>>> print(open('structure14.csv').read())   # CSV, C-alpha atoms
chain,number,residue,atom,x,y,z
A,30,MET,CA,35.0,-54.3,60.1
A,31,ALA,CA,32.8,-56.7,62.0
A,32,ALA,CA,31.5,-59.8,60.3
A,33,ARG,CA,28.1,-59.3,58.8
A,34,PRO,CA,25.4,-61.9,59.6
A,35,ASP,CA,24.5,-63.9,56.5
A,36,ALA,CA,20.8,-62.9,56.9
A,37,ARG,CA,21.8,-59.3,56.4
A,38,VAL,CA,23.5,-59.9,53.0
A,39,PRO,CA,21.1,-59.1,50.1
A,40,ARG,CA,20.2,-62.0,47.9
A,41,HIS,CA,19.6,-59.7,44.9
A,42,LEU,CA,21.5,-56.5,44.3
A,43,ALA,CA,20.7,-54.0,41.5
A,44,ILE,CA,22.9,-51.1,40.4
A,45,VAL,CA,22.2,-48.1,38.2
A,46,MET,CA,25.8,-47.5,37.0
A,47,ASP,CA,25.6,-43.7,36.7
A,48,GLY,CA,28.4,-41.1,36.2
A,49,ASN,CA,30.6,-42.4,33.4
A,50,GLY,CA,30.1,-39.3,31.3
A,51,ARG,CA,30.7,-36.9,34.2
A,52,TRP,CA,33.8,-38.8,35.2
A,53,ALA,CA,35.2,-38.4,31.7
A,54,LYS,CA,34.3,-34.7,31.6
A,55,GLN,CA,36.2,-34.1,34.8
A,56,ARG,CA,39.2,-35.4,33.0
A,57,PHE,CA,38.5,-33.5,29.8
A,58,ARG,CA,37.9,-36.7,27.9
A,59,PRO,CA,35.0,-37.8,25.7
A,60,ARG,CA,32.1,-39.6,27.3
A,61,THR,CA,33.1,-42.9,25.7
A,62,PHE,CA,36.3,-42.8,27.8
A,63,GLY,CA,34.1,-42.9,30.9
A,64,HIS,CA,32.2,-45.9,29.6
A,65,HIS,CA,35.4,-47.8,29.1
A,66,ALA,CA,36.6,-46.9,32.6
A,67,GLY,CA,33.3,-48.1,34.0
A,68,GLN,CA,34.1,-51.7,33.0
A,69,LYS,CA,36.6,-52.0,35.8
A,70,ALA,CA,33.8,-51.1,38.3
A,71,VAL,CA,31.7,-53.9,36.7
A,72,ARG,CA,34.4,-56.4,37.4
A,73,GLU,CA,34.7,-55.1,41.0
A,74,ALA,CA,31.0,-55.5,41.5
A,75,VAL,CA,31.0,-59.1,40.1
A,76,GLU,CA,33.9,-60.1,42.3
A,77,PHE,CA,32.3,-58.4,45.3
A,78,CYS,CA,29.1,-60.4,44.8
A,79,LEU,CA,30.9,-63.7,44.4
A,80,ARG,CA,32.8,-63.0,47.6
A,81,GLN,CA,29.7,-62.0,49.6
A,82,GLY,CA,27.6,-64.9,48.4
A,83,ILE,CA,25.0,-62.7,46.7
A,84,ALA,CA,22.8,-64.7,44.4
A,85,SER,CA,21.9,-62.2,41.7
A,86,LEU,CA,23.4,-58.9,40.4
A,87,THR,CA,21.4,-56.8,38.0
A,88,LEU,CA,23.2,-54.0,36.2
A,89,PHE,CA,21.4,-51.2,34.2
A,90,ALA,CA,23.7,-51.0,31.2
A,91,PHE,CA,21.5,-49.4,28.5
A,92,SER,CA,17.9,-48.2,29.1
A,93,SER,CA,15.2,-47.9,26.4
A,94,GLU,CA,15.6,-44.1,26.7
A,95,ASN,CA,19.3,-44.2,26.0
A,96,TRP,CA,18.6,-44.5,22.2
A,97,GLN,CA,18.0,-40.7,22.4
A,98,ARG,CA,21.7,-40.1,23.2
A,99,PRO,CA,24.0,-38.8,20.4
A,100,PRO,CA,24.3,-41.4,17.7
A,101,SER,CA,28.1,-41.4,18.1
A,102,GLU,CA,27.8,-42.3,21.8
A,103,VAL,CA,25.2,-45.0,21.1
A,104,SER,CA,27.4,-46.5,18.4
A,105,ALA,CA,30.4,-46.5,20.7
A,106,LEU,CA,28.4,-48.2,23.4
A,107,MET,CA,27.3,-50.9,21.0
A,108,GLU,CA,31.0,-51.5,20.1
A,109,LEU,CA,31.9,-51.6,23.8
A,110,PHE,CA,29.2,-54.2,24.4
A,111,LEU,CA,30.7,-56.4,21.7
A,112,LYS,CA,34.2,-56.1,22.9
A,113,ALA,CA,33.2,-56.6,26.6
A,114,ILE,CA,31.3,-59.8,25.8
A,115,ASP,CA,34.3,-61.2,23.8
A,116,ARG,CA,36.8,-60.2,26.5
A,117,GLU,CA,34.9,-61.0,29.7
A,118,VAL,CA,32.8,-64.1,29.0
A,119,ASP,CA,35.6,-66.6,29.5
A,120,GLU,CA,36.5,-65.3,32.9
A,121,LEU,CA,32.9,-65.0,34.0
A,122,HIS,CA,32.2,-68.5,32.9
A,123,GLY,CA,35.3,-69.8,34.7
A,124,ASN,CA,34.0,-68.2,37.9
A,125,GLY,CA,30.6,-69.8,37.6
A,126,VAL,CA,28.7,-66.7,36.6
A,127,ARG,CA,25.5,-67.1,34.6
A,128,ILE,CA,25.0,-64.2,32.2
A,129,ARG,CA,21.6,-63.0,31.2
A,130,PHE,CA,20.7,-60.0,29.0
A,131,VAL,CA,17.2,-58.7,30.0
A,132,GLY,CA,15.3,-56.3,27.9
A,133,ASP,CA,14.0,-56.0,24.3
A,134,LEU,CA,17.0,-57.3,22.3
A,135,GLU,CA,15.3,-57.0,18.9
A,136,PRO,CA,16.6,-53.5,18.0
A,137,PHE,CA,20.2,-54.5,18.4
A,138,ALA,CA,22.3,-55.5,15.4
A,139,PRO,CA,22.2,-59.2,14.6
A,140,GLU,CA,25.9,-59.6,15.4
A,141,LEU,CA,25.5,-58.2,18.9
A,142,ARG,CA,22.3,-60.3,19.5
A,143,GLU,CA,24.2,-63.4,18.4
A,144,ARG,CA,27.0,-62.7,20.9
A,145,MET,CA,24.6,-62.1,23.7
A,146,GLU,CA,22.7,-65.3,22.9
A,147,ALA,CA,26.0,-67.3,22.7
A,148,ALA,CA,27.1,-65.9,26.1
A,149,MET,CA,23.8,-66.8,27.7
A,150,ALA,CA,23.9,-70.3,26.3
A,151,ARG,CA,27.4,-70.9,27.3
A,152,THR,CA,26.9,-69.9,30.9
A,153,ALA,CA,23.3,-71.1,31.3
A,154,ASN,CA,24.2,-73.9,33.8
A,155,ASN,CA,26.4,-71.8,36.1
A,156,ALA,CA,25.2,-71.2,39.6
A,157,ALA,CA,27.7,-69.1,41.5
A,158,LEU,CA,26.0,-65.8,40.5
A,159,ASN,CA,23.2,-64.6,38.3
A,160,MET,CA,24.5,-61.6,36.4
A,161,ASN,CA,21.6,-59.8,34.7
A,162,VAL,CA,22.6,-57.1,32.2
A,163,ALA,CA,19.6,-54.9,31.5
A,164,VAL,CA,19.9,-53.6,27.9
A,165,ASN,CA,17.2,-51.7,26.1
A,166,TYR,CA,15.3,-52.2,29.3
A,167,GLY,CA,12.6,-50.1,31.0
A,168,GLY,CA,10.6,-50.9,34.1
A,169,ARG,CA,7.3,-49.9,32.3
A,170,TRP,CA,8.2,-52.1,29.4
A,171,ASP,CA,8.8,-55.0,31.7
A,172,ILE,CA,5.3,-54.6,33.3
A,173,ALA,CA,3.6,-54.0,30.0
A,174,ARG,CA,5.2,-57.1,28.5
A,175,ALA,CA,4.2,-59.2,31.5
A,176,ALA,CA,0.6,-58.0,31.2
A,177,ARG,CA,0.6,-58.8,27.5
A,178,LEU,CA,2.0,-62.3,28.0
A,179,ALA,CA,-0.4,-63.0,30.8
A,180,ALA,CA,-3.3,-61.8,28.6
A,181,GLU,CA,-2.1,-64.0,25.7
A,182,ALA,CA,-2.0,-67.0,28.0
A,183,ALA,CA,-5.5,-66.3,29.3
A,184,ALA,CA,-6.7,-66.0,25.7
A,185,ARG,CA,-5.2,-69.5,25.0
A,186,GLY,CA,-7.4,-70.8,27.9
A,187,GLU,CA,-4.5,-71.5,30.3
A,188,PHE,CA,-6.3,-69.7,33.0
A,189,ALA,CA,-9.2,-67.2,33.4
A,190,ILE,CA,-8.6,-63.5,33.1
A,191,GLY,CA,-9.9,-63.1,36.7
A,192,ASP,CA,-7.0,-65.3,37.9
A,193,ILE,CA,-4.4,-62.7,36.9
A,194,ASP,CA,-3.2,-61.4,40.2
A,195,GLU,CA,0.2,-60.1,41.4
A,196,GLN,CA,1.7,-63.5,41.8
A,197,ARG,CA,0.7,-64.7,38.4
A,198,LEU,CA,1.8,-61.4,36.7
A,199,HIS,CA,5.1,-61.5,38.5
A,200,GLY,CA,5.7,-64.9,36.8
A,201,TYR,CA,5.9,-63.1,33.4
A,202,THR,CA,8.4,-60.4,34.4
A,203,CYS,CA,12.0,-60.6,33.3
A,204,LEU,CA,13.5,-61.7,36.6
A,205,ALA,CA,10.7,-63.9,37.9
A,206,ASP,CA,13.0,-66.9,38.4
A,207,GLN,CA,15.4,-65.0,40.7
A,208,PRO,CA,15.3,-63.8,44.3
A,209,PRO,CA,13.3,-60.7,45.1
A,210,LEU,CA,15.3,-57.5,44.8
A,211,ASP,CA,16.7,-56.6,48.2
A,212,LEU,CA,19.1,-53.6,47.6
A,213,PHE,CA,19.0,-51.0,44.8
A,214,ILE,CA,22.1,-48.9,44.4
A,215,ARG,CA,22.5,-45.8,42.3
A,216,THR,CA,25.9,-44.2,41.8
A,217,GLY,CA,26.7,-40.7,40.5
A,218,GLY,CA,24.6,-38.6,42.9
A,219,GLU,CA,21.2,-38.8,41.3
A,220,ARG,CA,18.2,-39.6,43.6
A,221,ARG,CA,15.8,-41.4,41.2
A,222,VAL,CA,15.2,-44.9,39.9
A,223,SER,CA,14.9,-43.8,36.2
A,224,ASN,CA,12.4,-46.5,35.1
A,225,PHE,CA,14.6,-49.4,36.3
A,226,LEU,CA,13.0,-52.5,37.9
A,227,LEU,CA,9.7,-50.7,38.8
A,228,TRP,CA,7.9,-53.9,39.6
A,229,GLN,CA,10.8,-55.5,41.5
A,230,ILE,CA,11.7,-52.4,43.5
A,231,ALA,CA,8.5,-52.4,45.6
A,232,TYR,CA,10.2,-53.6,48.8
A,233,ALA,CA,13.8,-53.0,48.0
A,234,GLU,CA,16.1,-50.8,50.1
A,235,LEU,CA,17.4,-47.8,48.2
A,236,TYR,CA,20.9,-46.6,48.5
A,237,PHE,CA,22.3,-43.5,46.7
A,238,THR,CA,26.0,-42.5,46.6
A,239,ASP,CA,27.7,-39.5,45.0
A,240,THR,CA,30.6,-41.7,43.8
A,241,LEU,CA,30.7,-41.8,40.0
A,242,TRP,CA,30.5,-45.3,38.6
A,243,PRO,CA,34.2,-45.6,37.4
A,244,ASP,CA,35.3,-44.9,40.9
A,245,VAL,CA,33.2,-47.5,42.6
A,246,ASP,CA,35.2,-50.3,44.2
A,247,GLN,CA,34.6,-53.0,46.7
A,248,ALA,CA,35.0,-50.7,49.6
A,249,CYS,CA,32.2,-48.5,48.2
A,250,LEU,CA,30.0,-51.5,47.8
A,251,ALA,CA,30.8,-52.7,51.3
A,252,GLU,CA,29.6,-49.4,52.7
A,253,ALA,CA,26.3,-49.9,50.9
A,254,LEU,CA,26.0,-53.4,52.4
A,255,ASP,CA,26.8,-52.1,55.9
A,256,ASP,CA,24.0,-49.5,55.5
A,257,TYR,CA,21.7,-52.2,54.3
A,258,ALA,CA,22.5,-54.4,57.3
A,259,ARG,CA,21.5,-51.7,59.7
A,260,ARG,CA,18.1,-51.3,58.2
A,261,GLU,CA,14.9,-52.9,59.7
A,262,ARG,CA,12.9,-54.5,56.9
A,263,ARG,CA,9.4,-54.8,58.1
A,264,PHE,CA,7.4,-55.6,55.0
A,265,GLY,CA,4.2,-54.1,56.5
A,266,ARG,CA,4.7,-55.5,60.0
A,267,THR,CA,5.6,-53.5,63.1
A,268,GLY,CA,9.1,-53.3,64.5
A,269,GLU,CA,8.0,-55.4,67.5
A,270,GLN,CA,6.8,-58.1,65.2
A,271,VAL,CA,10.1,-58.2,63.3
A,272,ALA,CA,12.0,-58.3,66.6
A,273,GLY,CA,9.9,-61.1,67.8
>>> encode(input="structure14.csv", output="structure tokens")
Amino acid sequence: MAARPDARVPRHLAIVMDGNGRWAKQRFRPRTFGHHAGQKAVREAVEFCLRQGIASLTLFAFSSENWQRPPSEVSALMELFLKAIDREVDELHGNGVRIRFVGDLEPFAPELRERMEAAMARTANNAALNMNVAVNYGGRWDIARAARLAAEAAARGEFAIGDIDEQRLHGYTCLADQPPLDLFIRTGGERRVSNFLLWQIAYAELYFTDTLWPDVDQACLAEALDDYARRERRFGRTGEQVAG
């Protein structure tokens, strides 16, 4: 495969990790088996981003709607989060990965929140890769929260309400300190964004694959980047302007 120009590598990659349950069902195993298998794909994605020089990776691990799943599955996912943090944080820290959990963390059990906060504090100064794990996250929640925080700041007299524009509101969103989202990948064959990064996705390139998340490897991610590299990103300009 020909070398890819650096300018064509996304600075920020987001992934909806879909298909764990179906992967397990194909093997006549419980859905939790698929969630465990999906951890290998997470490691593949992190390693791929480090190798490619991608600055930020945002993974949709648990949406605000996922609380509606069977209690047994939610409980198993919470246990999986705990074990994954304990098992993976040392290696991620050693590779210079900064871990951030984005979303409303309040509903999680105190033990899990403490582990999340400890992982974030331990890796806060790392700079090789921003790894954002979206948990109890929703794009509408992110926008509503940003609007509330901006309104509260205006009420404190920090600026006038009329000064709230796109740029100022963006500063209150969860990923405001990171590069704009360039490439959005969804695995598992679905063609929707499912309330993920609604603000950030405005000018992102969308890539959908039928591959179920546990089967995603670096070759699959490389195909997505090759597709991204062939696209012309105009941001409202004409093709001639971009070429010039």
>>> atom_distance(input="structure14.csv", atom1="CA of Ser85 (chain A)", atom2="CA of Pro243 (chain A)")
21.1 Å
>>> atom_distance(input="structure14.csv", atom1="CA of Met145 (chain A)", atom2="CA of Ile44 (chain A)")
20.1 Å
>>> residues_around(input="structure14.csv", residues="Thr216 (chain A)", least_positions_apart="4", cutoff="10 Å", atoms="all atoms listed in the file", output="PyMOL selection string")
chain A and resi 44-49+220+236-245+249
>>> residues_around(input="structure14.csv", residues="Ala180 (chain A)", least_positions_apart="2", cutoff="12 Å", atoms="all atoms listed in the file", output="list of chain:residue names")
A:Ala173, A:Arg174, A:Ala175, A:Ala176, A:Arg177, A:Leu178, A:Ala182, A:Ala183, A:Ala184, A:Arg185, A:Gly186, A:Glu187, A:Phe188, A:Ala189, A:Ile190, A:Gly191, A:Asp192, A:Ile193, A:Asp194, A:Arg197, A:Leu198, A:Tyr201
>>> atom_distance(input="structure14.csv", atom1="CA of Asn161 (chain A)", atom2="CA of Arg129 (chain A)")
4.7 Å
>>> closest_residue(input="structure14.csv", among="A:Gly218, A:Met107, A:Glu76, A:Gln229", to="Pro139 (chain A)", atoms="all atoms listed in the file")
A:Met107
>>> closest_residue(input="structure14.csv", among="A:Arg127, A:Arg80, A:Arg169, A:Arg56", to="Ala153 (chain A)", atoms="only C-alpha atoms")
A:Arg127
>>> closest_residue(input="structure14.csv", among="A:Ala74, A:Ala53, A:Ala113, A:Leu88", to="Ala248 (chain A)", atoms="all atoms listed in the file")
A:Ala74
>>> closest_residue(input="structure14.csv", among="A:Val118, A:Glu181, A:Ile214, A:Thr61", to="Ala150 (chain A)", atoms="all atoms listed in the file")
A:Val118
>>> closest_residue(input="structure14.csv", among="A:Ala258, A:Cys78, A:Leu226, A:Leu106", to="Ile172 (chain A)", atoms="all atoms listed in the file")
A:Leu226
>>> closest_residue(input="structure14.csv", among="A:Ala157, A:Leu121, A:Ala43, A:Val38", to="Asp256 (chain A)", atoms="all atoms listed in the file")
A:Val38
>>> residues_around(input="structure14.csv", residues="Tyr166 (chain A)", least_positions_apart="6", cutoff="7 Å", atoms="only C-alpha atoms", output="PyMOL selection string")
chain A and resi 91-93+131-133
